[in-house]
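Engineer: Below is the file query_18.csv, which contains CSV, C-alpha atoms.
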chain,number,residue,atom,x,y,z
B,21,MET,CA,11.2,8.5,24.8
B,22,ARG,CA,12.0,9.7,21.3
B,23,PRO,CA,10.8,13.2,20.2
B,24,LEU,CA,7.9,13.5,17.8
B,25,LEU,CA,8.7,12.4,14.3
B,26,LEU,CA,5.4,13.4,12.6
B,27,ARG,CA,2.8,16.0,13.5
B,28,CYS,CA,-0.2,14.6,15.4
B,29,PRO,CA,-2.3,15.6,18.3
B,30,PRO,CA,-0.6,14.6,21.6
B,31,GLY,CA,-1.5,11.0,22.6
B,32,CYS,CA,-3.6,10.3,19.5
B,33,LEU,CA,-1.9,7.1,18.7
B,34,ALA,CA,-1.9,6.0,22.3
B,35,THR,CA,-5.6,6.2,22.2
B,36,VAL,CA,-6.0,4.1,19.1
B,37,LEU,CA,-3.2,1.6,19.5
B,38,GLY,CA,-3.1,1.0,23.2
B,39,SER,CA,-0.6,-1.7,23.2
B,40,PHE,CA,2.0,0.1,21.0
B,41,SER,CA,4.9,1.1,23.2
B,42,ALA,CA,5.2,4.7,24.1
B,43,SER,CA,8.1,5.2,21.7
B,44,ARG,CA,5.9,4.0,18.8
B,45,ASN,CA,3.0,6.3,19.3
B,46,LYS,CA,4.0,9.4,17.4
B,47,LEU,CA,4.0,8.5,13.7
B,48,VAL,CA,0.8,9.8,12.2
B,49,PRO,CA,0.5,13.3,10.5
B,50,ARG,CA,-2.7,15.3,10.3
B,51,ALA,CA,-4.6,14.9,7.2
B,52,ALA,CA,-5.1,18.1,5.2
B,53,ALA,CA,-8.6,19.6,4.8
B,54,GLY,CA,-9.6,22.3,2.4
B,55,PRO,CA,-11.5,23.2,-0.8
B,56,ARG,CA,-12.0,20.7,-3.6
B,57,LEU,CA,-9.8,21.2,-6.7
B,58,LEU,CA,-12.0,20.2,-9.5
B,59,HIS,CA,-9.2,19.4,-11.9
B,60,LEU,CA,-7.9,16.7,-9.6
B,61,THR,CA,-9.3,13.4,-8.5
B,62,ASN,CA,-10.5,13.4,-4.9
B,63,THR,CA,-9.6,10.4,-2.7
B,64,MET,CA,-10.6,10.7,0.9
B,65,HIS,CA,-8.5,13.6,2.3
B,66,TYR,CA,-6.2,13.4,-0.7
B,67,GLN,CA,-6.3,14.1,-4.4
B,68,THR,CA,-4.3,12.7,-7.4
B,69,GLU,CA,-2.8,14.5,-10.3
B,70,ALA,CA,-1.8,12.6,-13.4
B,71,ARG,CA,1.3,13.5,-15.5
B,72,GLY,CA,2.7,12.1,-18.7
B,73,ARG,CA,0.9,9.9,-21.2
B,74,PRO,CA,-1.4,7.2,-19.9
B,75,GLY,CA,-0.2,3.7,-20.8
B,76,SER,CA,3.4,4.8,-21.3
B,77,PRO,CA,6.6,4.6,-19.2
B,78,ASP,CA,6.4,8.3,-18.3
B,79,TYR,CA,2.9,8.2,-16.8
B,80,ARG,CA,2.8,9.2,-13.1
B,81,VAL,CA,0.1,9.7,-10.5
B,82,TYR,CA,1.1,12.3,-7.9
B,83,PHE,CA,-0.6,12.9,-4.6
B,84,LYS,CA,-1.8,16.3,-3.4
B,85,THR,CA,-3.7,17.6,-0.4
B,86,PRO,CA,-6.8,19.9,-0.9
B,87,GLU,CA,-4.6,22.7,0.5
B,88,GLY,CA,-2.5,22.4,-2.6
B,89,LYS,CA,0.6,20.7,-1.2
B,90,TYR,CA,2.2,17.7,-3.0
B,91,ILE,CA,3.0,14.8,-0.8
B,92,SER,CA,4.5,11.3,-0.9
B,93,PRO,CA,1.9,8.5,-0.5
B,94,PHE,CA,4.6,6.4,1.0
B,95,HIS,CA,5.7,8.8,3.7
B,96,ASP,CA,3.1,11.5,4.2
B,97,ILE,CA,-0.1,9.6,4.3
B,98,SER,CA,-0.7,8.2,7.8
B,99,LEU,CA,-0.7,4.5,8.5
B,100,ILE,CA,-3.6,4.7,11.0
B,101,ALA,CA,-6.9,5.9,9.5
B,102,GLU,CA,-8.6,6.9,12.8
B,103,ASN,CA,-6.2,9.6,13.5
B,104,GLU,CA,-7.0,11.6,10.4
B,105,GLN,CA,-8.1,15.0,11.5
B,106,GLU,CA,-10.5,17.4,9.8
B,107,ASN,CA,-11.0,20.9,11.1
B,108,ASP,CA,-9.1,19.8,14.3
B,109,MET,CA,-11.7,17.2,15.0
B,110,PRO,CA,-11.2,13.4,14.8
B,111,THR,CA,-13.1,11.9,11.8
B,112,LYS,CA,-13.8,8.7,13.8
B,113,LYS,CA,-14.1,7.6,17.4
B,114,ALA,CA,-11.2,5.7,18.8
B,115,LYS,CA,-11.5,2.0,18.6
B,116,LYS,CA,-11.4,-0.2,21.8
B,117,ASN,CA,-8.5,-2.3,20.8
B,118,GLU,CA,-5.8,-2.5,18.2
B,119,SER,CA,-7.3,-5.4,16.3
B,120,GLU,CA,-10.3,-3.1,15.4
B,121,VAL,CA,-8.1,-0.2,14.1
B,122,LEU,CA,-8.6,0.9,10.6
B,123,PHE,CA,-5.5,1.5,8.3
B,124,ASN,CA,-5.1,3.7,5.3
B,125,MET,CA,-4.5,1.8,2.1
B,126,VAL,CA,-3.1,3.3,-1.1
B,127,VAL,CA,-4.7,1.5,-4.0
B,128,GLU,CA,-2.2,0.8,-6.8
B,129,VAL,CA,-4.1,-1.7,-9.0
B,130,PRO,CA,-7.9,-2.0,-9.5
B,131,ARG,CA,-9.4,-5.4,-9.4
B,132,TRP,CA,-9.7,-7.2,-12.8
B,133,SER,CA,-7.0,-5.0,-14.4
B,134,ASN,CA,-3.5,-6.1,-15.6
B,135,ALA,CA,-1.2,-3.1,-15.6
B,136,LYS,CA,1.3,-3.6,-12.7
B,137,MET,CA,1.0,-0.1,-11.2
B,138,GLU,CA,3.0,0.6,-8.0
B,139,ILE,CA,4.3,3.3,-5.8
B,140,ALA,CA,7.6,4.4,-7.3
B,141,THR,CA,9.7,3.9,-4.1
B,142,LYS,CA,12.9,5.2,-5.8
B,143,GLU,CA,11.5,8.4,-7.2
B,144,PRO,CA,11.0,11.7,-5.4
B,145,LEU,CA,7.6,12.0,-3.8
B,146,ASN,CA,6.9,8.3,-4.8
B,147,PRO,CA,4.2,8.7,-7.4
B,148,ILE,CA,2.3,5.7,-8.7
B,149,LYS,CA,3.8,4.4,-12.0
B,150,GLN,CA,3.6,1.3,-14.1
B,151,ASP,CA,6.5,-1.1,-13.5
B,152,VAL,CA,9.0,-1.6,-16.3
B,153,LYS,CA,11.0,-4.8,-16.9
B,154,LYS,CA,13.7,-4.9,-19.6
B,155,GLY,CA,12.4,-1.7,-21.1
B,156,LYS,CA,8.8,-2.9,-21.4
B,157,LEU,CA,5.7,-2.0,-19.3
B,158,ARG,CA,4.7,-4.9,-17.0
B,159,TYR,CA,1.3,-6.5,-17.1
B,160,VAL,CA,0.3,-9.5,-15.0
B,161,ALA,CA,-0.9,-12.5,-17.0
B,162,ASN,CA,-4.4,-13.8,-16.9
B,163,ILE,CA,-4.0,-17.3,-15.4
B,164,PHE,CA,-7.2,-19.4,-15.9
B,165,PRO,CA,-9.7,-18.8,-14.4
B,166,HIS,CA,-8.5,-15.4,-13.2
B,167,LYS,CA,-8.6,-12.0,-15.0
B,168,GLY,CA,-5.8,-9.7,-14.0
B,169,TYR,CA,-5.6,-9.0,-10.2
B,170,ILE,CA,-8.5,-10.6,-8.3
B,171,TRP,CA,-8.7,-7.9,-5.6
B,172,ASN,CA,-7.9,-4.2,-5.3
B,173,TYR,CA,-4.2,-4.3,-4.7
B,174,GLY,CA,-2.1,-1.7,-3.0
B,175,ALA,CA,0.1,-0.9,0.0
B,176,LEU,CA,0.0,0.4,3.6
B,177,PRO,CA,1.8,3.8,3.8
B,178,GLN,CA,4.5,4.3,6.4
B,179,THR,CA,5.5,0.7,6.3
B,180,TRP,CA,8.7,-0.9,4.8
B,181,GLU,CA,9.8,-4.5,4.4
B,182,ASP,CA,13.4,-3.9,5.3
B,183,PRO,CA,16.0,-5.9,3.3
B,184,ASN,CA,18.3,-5.6,6.3
B,185,HIS,CA,15.8,-7.5,8.5
B,186,THR,CA,15.5,-11.3,8.5
B,187,ASP,CA,12.1,-12.6,9.5
B,188,LYS,CA,12.5,-15.0,12.4
B,189,GLU,CA,10.0,-17.5,11.1
B,190,THR,CA,10.7,-17.7,7.4
B,191,LYS,CA,14.4,-16.7,7.6
B,192,CYS,CA,13.9,-14.4,4.6
B,193,CYS,CA,14.7,-10.7,4.3
B,194,GLY,CA,12.2,-8.0,3.3
B,195,ASP,CA,11.6,-7.1,-0.4
B,196,ASN,CA,12.4,-3.3,0.0
B,197,ASP,CA,8.7,-2.2,-0.5
B,198,PRO,CA,5.8,-1.0,1.6
B,199,ILE,CA,3.7,-3.9,2.8
B,200,ASP,CA,1.2,-5.1,0.2
B,201,VAL,CA,-2.6,-5.3,0.7
B,202,CYS,CA,-5.3,-7.3,-1.1
B,203,GLU,CA,-8.6,-5.5,-0.5
B,204,ILE,CA,-11.4,-8.0,-1.0
B,205,GLY,CA,-14.4,-5.7,-1.0
B,206,THR,CA,-17.1,-5.3,-3.7
B,207,GLN,CA,-16.0,-1.9,-5.1
B,208,VAL,CA,-13.5,-1.7,-8.0
B,209,CYS,CA,-11.1,1.1,-6.9
B,210,PHE,CA,-8.8,3.3,-9.0
B,211,PRO,CA,-5.0,3.9,-8.8
B,212,GLY,CA,-4.3,6.5,-6.2
B,213,GLN,CA,-7.5,6.0,-4.2
B,214,VAL,CA,-6.9,6.1,-0.5
B,215,ILE,CA,-9.4,3.9,1.5
B,216,GLN,CA,-9.7,2.9,5.1
B,217,VAL,CA,-9.4,-0.9,5.5
B,218,LYS,CA,-10.0,-3.4,8.2
B,219,VAL,CA,-7.3,-6.0,8.4
B,220,LEU,CA,-8.4,-9.7,8.4
B,221,GLY,CA,-5.3,-11.7,8.1
B,222,ILE,CA,-2.0,-12.1,6.3
B,223,LEU,CA,-0.2,-14.5,3.9
B,224,ALA,CA,3.6,-15.0,4.0
B,225,MET,CA,4.6,-15.1,0.4
B,226,ILE,CA,8.3,-15.7,-0.5
B,227,ASP,CA,9.2,-14.1,-3.8
B,228,GLU,CA,12.5,-15.3,-5.2
B,229,GLY,CA,13.8,-15.7,-1.7
B,230,GLU,CA,12.5,-12.3,-0.4
B,231,MET,CA,9.8,-11.9,2.3
B,232,ASP,CA,6.7,-10.3,0.6
B,233,TRP,CA,3.8,-10.2,3.1
B,234,LYS,CA,0.3,-9.9,1.7
B,235,VAL,CA,-2.2,-8.4,4.1
B,236,ILE,CA,-5.9,-9.4,3.5
B,237,ALA,CA,-8.2,-6.6,4.3
B,238,ILE,CA,-11.6,-5.1,3.4
B,239,ASN,CA,-12.7,-1.5,2.8
B,240,ALA,CA,-14.4,-0.3,6.0
B,241,GLU,CA,-17.2,1.2,3.9
B,242,ASP,CA,-18.0,-2.1,2.1
B,243,PRO,CA,-21.4,-3.7,2.7
B,244,ASP,CA,-19.7,-6.9,3.8
B,245,ALA,CA,-17.2,-5.2,6.2
B,246,LYS,CA,-19.5,-5.7,9.3
B,247,SER,CA,-19.7,-9.4,8.8
B,248,LEU,CA,-16.1,-10.0,7.9
B,249,ASN,CA,-14.0,-9.7,11.1
B,250,SER,CA,-11.4,-12.5,10.7
B,251,ILE,CA,-9.7,-14.7,8.1
B,252,GLU,CA,-12.1,-17.5,9.2
B,253,ASP,CA,-15.1,-15.3,8.4
B,254,VAL,CA,-13.6,-15.0,4.8
B,255,ARG,CA,-13.1,-18.7,4.6
B,256,LYS,CA,-16.7,-19.5,5.7
B,257,SER,CA,-18.6,-16.8,3.8
B,258,ARG,CA,-16.5,-16.9,0.6
B,259,PRO,CA,-15.7,-20.5,-0.2
B,260,GLY,CA,-12.6,-20.8,-2.4
B,261,HIS,CA,-11.6,-17.1,-2.2
B,262,LEU,CA,-8.5,-17.7,0.0
B,263,GLU,CA,-7.5,-20.7,-2.0
B,264,ALA,CA,-7.7,-18.6,-5.2
B,265,THR,CA,-5.5,-16.0,-3.6
B,266,VAL,CA,-2.8,-18.5,-2.9
B,267,ASP,CA,-3.1,-20.0,-6.3
B,268,TRP,CA,-2.8,-16.6,-7.9
B,269,PHE,CA,0.3,-15.6,-6.0
B,270,ARG,CA,1.8,-19.0,-6.6
B,271,LYS,CA,1.5,-18.9,-10.4
B,272,TYR,CA,1.3,-15.3,-11.6
B,273,LYS,CA,5.0,-15.1,-12.6
B,274,VAL,CA,5.1,-18.5,-14.4
B,275,PRO,CA,4.0,-17.1,-17.8
B,276,ASP,CA,7.1,-14.9,-17.6
B,277,GLY,CA,9.4,-17.9,-17.2
B,278,LYS,CA,9.8,-17.5,-13.5
B,279,PRO,CA,9.4,-20.4,-11.0
B,280,GLU,CA,6.3,-20.7,-8.8
B,281,ASN,CA,6.4,-18.5,-5.6
B,282,GLN,CA,6.7,-20.2,-2.3
B,283,PHE,CA,5.0,-19.5,1.1
B,284,GLY,CA,5.8,-19.5,4.7
B,285,PHE,CA,3.6,-21.4,7.2
B,286,ASN,CA,2.8,-24.0,4.4
B,287,GLY,CA,0.7,-21.4,2.6
B,288,GLN,CA,-1.7,-21.0,5.5
B,289,PHE,CA,-3.1,-17.5,6.3
B,290,LYS,CA,-2.3,-16.1,9.7
B,291,ASP,CA,-4.9,-14.3,11.7
B,292,LYS,CA,-5.5,-10.5,12.1
B,293,ASP,CA,-3.6,-10.2,15.4
B,294,PHE,CA,-0.5,-11.7,13.7
B,295,ALA,CA,-1.0,-9.4,10.8
B,296,VAL,CA,-1.1,-6.3,13.0
B,297,GLU,CA,2.2,-7.4,14.6
B,298,ILE,CA,3.8,-7.6,11.2
B,299,ILE,CA,2.4,-4.2,10.3
B,300,LYS,CA,3.8,-2.7,13.5
B,301,SER,CA,7.2,-4.2,12.7
B,302,THR,CA,7.2,-2.8,9.2
B,303,HIS,CA,6.1,0.6,10.5
B,304,GLU,CA,9.1,0.6,12.9
B,305,HIS,CA,11.4,-0.3,9.9
B,306,TRP,CA,9.9,2.7,8.0
B,307,ARG,CA,10.6,5.0,10.9
B,308,ALA,CA,14.3,4.0,10.8
B,309,LEU,CA,14.2,4.5,7.1
B,310,VAL,CA,13.0,8.1,7.1
B,311,GLN,CA,15.2,8.9,10.1
B,312,LYS,CA,18.2,7.7,8.1
B,313,GLN,CA,19.1,5.1,10.7
B,314,THR,CA,19.4,2.2,8.3
B,315,ASN,CA,20.6,1.4,4.8
B,316,SER,CA,17.9,2.7,2.5
B,317,HIS,CA,18.7,0.4,-0.5
B,318,GLY,CA,17.9,3.2,-2.9
B,319,ILE,CA,14.5,4.2,-1.4
B,320,GLU,CA,13.6,7.9,-2.0
B,321,CYS,CA,12.5,9.4,1.3
B,322,LYS,CA,11.6,13.0,0.3
B,323,ASN,CA,8.6,14.0,2.4
B,324,ILE,CA,6.9,17.2,3.7
B,325,SER,CA,5.6,16.1,7.1
B,326,CYS,CA,8.3,14.0,8.9
B,327,ASN,CA,9.7,16.7,11.2
B,328,GLU,CA,12.6,14.7,12.5
B,329,SER,CA,13.5,13.3,9.1
B,330,PRO,CA,16.6,14.7,7.3
B,331,PHE,CA,14.7,14.1,4.1
B,332,LYS,CA,11.9,16.6,4.9
B,333,CYS,CA,11.5,19.2,2.1
B,334,SER,CA,9.4,22.3,1.6
B,335,ALA,CA,6.2,22.5,-0.2
B,336,GLU,CA,8.0,24.5,-2.9
B,337,GLU,CA,10.6,21.8,-3.4
B,338,ALA,CA,7.8,19.2,-3.7
B,339,ARG,CA,6.0,21.3,-6.3
B,340,ASP,CA,9.2,21.6,-8.3
B,341,VAL,CA,9.4,17.7,-8.4
B,342,VAL,CA,6.0,17.5,-9.9
B,343,SER,CA,6.5,20.4,-12.3
B,344,SER,CA,9.6,18.7,-13.7
B,345,ALA,CA,7.5,15.7,-14.8
B,346,PRO,CA,5.9,15.7,-18.3
B,347,ALA,CA,2.5,17.4,-18.6
B,348,LEU,CA,-0.5,15.1,-18.9
B,349,CYS,CA,-1.2,14.0,-22.4
B,350,ALA,CA,-4.7,13.6,-23.6
B,351,SER,CA,-4.1,10.5,-25.7
B,352,THR,CA,-3.6,7.0,-24.2
B,353,HIS,CA,-0.8,4.7,-25.4
B,354,PRO,CA,-2.4,1.6,-27.0
B,355,VAL,CA,-2.1,-1.7,-25.1
B,356,SER,CA,-1.0,-4.8,-26.8
B,357,PRO,CA,-3.8,-7.4,-27.4
B,358,ALA,CA,-1.5,-10.0,-25.8
B,359,VAL,CA,-2.4,-8.6,-22.4
B,360,ASP,CA,-5.8,-10.2,-22.8
B,361,LYS,CA,-4.4,-13.7,-23.5
B,362,TRP,CA,-5.4,-16.5,-21.1
B,363,HIS,CA,-2.7,-18.7,-19.7
B,364,PHE,CA,-3.2,-22.3,-18.5
B,365,VAL,CA,-0.6,-23.1,-15.9
What is this file in structure tokens?
Structural biologist:
Amino acid sequence: MRPLLLRCPPGCLATVLGSFSASRNKLVPRAAAGPRLLHLTNTMHYQTEARGRPGSPDYRVYFKTPEGKYISPFHDISLIAENEQENDMPTKKAKKNESEVLFNMVVEVPRWSNAKMEIATKEPLNPIKQDVKKGKLRYVANIFPHKGYIWNYGALPQTWEDPNHTDKETKCCGDNDPIDVCEIGTQVCFPGQVIQVKVLGILAMIDEGEMDWKVIAINAEDPDAKSLNSIEDVRKSRPGHLEATVDWFRKYKVPDGKPENQFGFNGQFKDKDFAVEIIKSTHEHWRALVQKQTNSHGIECKNISCNESPFKCSAEEARDVVSSAPALCASTHPVSPAVDKWHFV
């Protein structure tokens, strides 16, 4: 049995994910609790701090605990939501089986927006930033009849789609990012928000030959969460929603001159049990990443909570990373009117 990698109460993951092997049950750090800092944005147990000029290439959203410690949303936010601790007491009762487990999701892009915000996997502390292509900020096109992203889009922390790993079904390697999530609830979230989601299924997208899984999930606090427990529930209660999701992912790069994306399993969604297995696999790949047991492909692994990780740093070092970023600018960089153009593909 491997020693503890991250701080967590003994046996906490074994209670929540009963069928995880014993060597996989030690990966969730405690969430911080403390006073609210009014100049920061609160998001569950975490807060965000913006730096740079909004709408510009230097804009960043860093994550911070209420205790005042800067963290990486990629490495220091736990994958499993139930194991969050507050004042040494679990915030939720353990679920009966792993298919009912709630996961933390880091929201990168709000629904209906166009800016391609993402966790900066190759920057220290992995803040959220807007992707840049050929020196220009990236915006996803509005492909009729859609406007921007059609769900809250983000990632599961402590997961990694390993480029060194070939998926046995699709024969494609991972895309070097945390696993993506499409949250289909009614709330429009904001970049940096951390929500607890219930996994419903997964889509196997192949992006230019790379495996790019898309988890379908719903915010556990959403009014529809109780009635949506499977991908079939989504299909029955929201006619056309899943088809629109495949259509969006197939065509969203076409206005940029790229070919249509392809899909494994003939574009069919796999169920939540299959999705949980993929999440478990990408969690194991992340473990190897932060333990420096695999080729990192440029991923920045600086963290403050992975005790066995050679990349662990002090709170002071993390603070220095944020202090070196440009201070927040009050003005917002103007966005080109071309972002609102509708494309017919």
Engineer: Determine the nearest neighbour of Ala295 in chain B from the options B:Met231, B:Ala224, B:Val355, B:Ile324, counting all atoms listed in the file.
Structural biologist: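 Residue with the minimum atom-to-atom distance to Ala295 in chain B: B:Ala224.
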Engineer: Can you tell me, as a count of residues only, which residues sit within 6 Å of (6.4, 4.8, -15.6) in the file's frame, using only C-alpha atoms?
Structural biologist: 5
Engineer: For a quick check of understanding, using all atoms listed in the file, which of B:Val129, B:Ile236, B:Thr265, B:Ile222 has the smallest distance to Cys209 in chain B?
Structural biologist: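 Closest residue, counting all atoms listed in the file: B:Val129.
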Engineer: Let me make sure I understand: among B:Pro330, B:Gln67, B:Gly260, B:Asp360, which one has the smallest atom-to-atom distance to Ala135 in chain B if we use all atoms listed in the file?
Structural biologist: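 Closest candidate: B:Asp360.
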Engineer: Would you compute the distance between CA of Asp151 in chain B and CA of Tyr66 in chain B? Give it in Å to one decimal.
Structural biologist: 23.1 Å
Engineer: Hey, can you check how far CA of Thr206 in chain B sits from CA of Ile97 in chain B?
Structural biologist: 24.0 Å
Engineer: Please check which residues have atoms at most 12 Å from (5.9, 17.9, 0.2) in the file's coordinates, counting only C-alpha atoms, and write them as a ChimeraX atom specification.
Structural biologist: /B:82-85,87-97,144-146,321-327,331-342
Engineer: If you keep C-alpha atoms, can you produce a file of those selected residues as a PDB file, keeping the file's coordinate frame?
Structural biologist:
ATOM      1  CA  TYR B  82       1.100  12.300  -7.900  1.00  0.00           C
ATOM      2  CA  PHE B  83      -0.600  12.900  -4.600  1.00  0.00           C
ATOM      3  CA  LYS B  84      -1.800  16.300  -3.400  1.00  0.00           C
ATOM      4  CA  THR B  85      -3.700  17.600  -0.400  1.00  0.00           C
ATOM      5  CA  GLU B  87      -4.600  22.700   0.500  1.00  0.00           C
ATOM      6  CA  GLY B  88      -2.500  22.400  -2.600  1.00  0.00           C
ATOM      7  CA  LYS B  89       0.600  20.700  -1.200  1.00  0.00           C
ATOM      8  CA  TYR B  90       2.200  17.700  -3.000  1.00  0.00           C
ATOM      9  CA  ILE B  91       3.000  14.800  -0.800  1.00  0.00           C
ATOM     10  CA  SER B  92       4.500  11.300  -0.900  1.00  0.00           C
ATOM     11  CA  PRO B  93       1.900   8.500  -0.500  1.00  0.00           C
ATOM     12  CA  PHE B  94       4.600   6.400   1.000  1.00  0.00           C
ATOM     13  CA  HIS B  95       5.700   8.800   3.700  1.00  0.00           C
ATOM     14  CA  ASP B  96       3.100  11.500   4.200  1.00  0.00           C
ATOM     15  CA  ILE B  97      -0.100   9.600   4.300  1.00  0.00           C
ATOM     16  CA  PRO B 144      11.000  11.700  -5.400  1.00  0.00           C
ATOM     17  CA  LEU B 145       7.600  12.000  -3.800  1.00  0.00           C
ATOM     18  CA  ASN B 146       6.900   8.300  -4.800  1.00  0.00           C
ATOM     19  CA  CYS B 321      12.500   9.400   1.300  1.00  0.00           C
ATOM     20  CA  LYS B 322      11.600  13.000   0.300  1.00  0.00           C
ATOM     21  CA  ASN B 323       8.600  14.000   2.400  1.00  0.00           C
ATOM     22  CA  ILE B 324       6.900  17.200   3.700  1.00  0.00           C
ATOM     23  CA  SER B 325       5.600  16.100   7.100  1.00  0.00           C
ATOM     24  CA  CYS B 326       8.300  14.000   8.900  1.00  0.00           C
ATOM     25  CA  ASN B 327       9.700  16.700  11.200  1.00  0.00           C
ATOM     26  CA  PHE B 331      14.700  14.100   4.100  1.00  0.00           C
ATOM     27  CA  LYS B 332      11.900  16.600   4.900  1.00  0.00           C
ATOM     28  CA  CYS B 333      11.500  19.200   2.100  1.00  0.00           C
ATOM     29  CA  SER B 334       9.400  22.300   1.600  1.00  0.00           C
ATOM     30  CA  ALA B 335       6.200  22.500  -0.200  1.00  0.00           C
ATOM     31  CA  GLU B 336       8.000  24.500  -2.900  1.00  0.00           C
ATOM     32  CA  GLU B 337      10.600  21.800  -3.400  1.00  0.00           C
ATOM     33  CA  ALA B 338       7.800  19.200  -3.700  1.00  0.00           C
ATOM     34  CA  ARG B 339       6.000  21.300  -6.300  1.00  0.00           C
ATOM     35  CA  ASP B 340       9.200  21.600  -8.300  1.00  0.00           C
ATOM     36  CA  VAL B 341       9.400  17.700  -8.400  1.00  0.00           C
ATOM     37  CA  VAL B 342       6.000  17.500  -9.900  1.00  0.00           C
TER      38      VAL B 342
END
Engineer: In Å, how far is it from CA of Glu128 in chain B to CA of Val254 in chain B?
Structural biologist: 22.7 Å
Engineer: Between B:Asp291, B:Glu320, B:Asp182, B:Glu69, which one has atoms that come closest to Leu223 in chain B, using all atoms listed in the file?
Structural biologist: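 Closest to Leu223 in chain B, using all atoms listed in the file: B:Asp291.
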Engineer: Which of these residues is nearest to Thr190 in chain B, using only C-alpha atoms: B:Gly284, B:Pro354, B:Pro147, B:Gly168?
Structural biologist: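 Using only C-alpha atoms, Thr190 in chain B sits closest to B:Gly284.
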Engineer: With all atoms listed in the file as the basis for distance, which of B:Ser316, B:Gln216, B:Gln311, B:Ser343 is at the shortest distance from Glu328 in chain B?
Structural biologist: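 Smallest distance to Glu328 in chain B is found for B:Gln311.
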Engineer: With a distance cut-off of 6 Å and all atoms listed in the file, select the neighbouring residues of range 169-174 of chain B, excluding the residue or stretch itself and same-chain residues fewer than 2 positions from it, and output the selection as a PyMOL selection string.
Structural biologist: chain B and resi 126-133+200-204
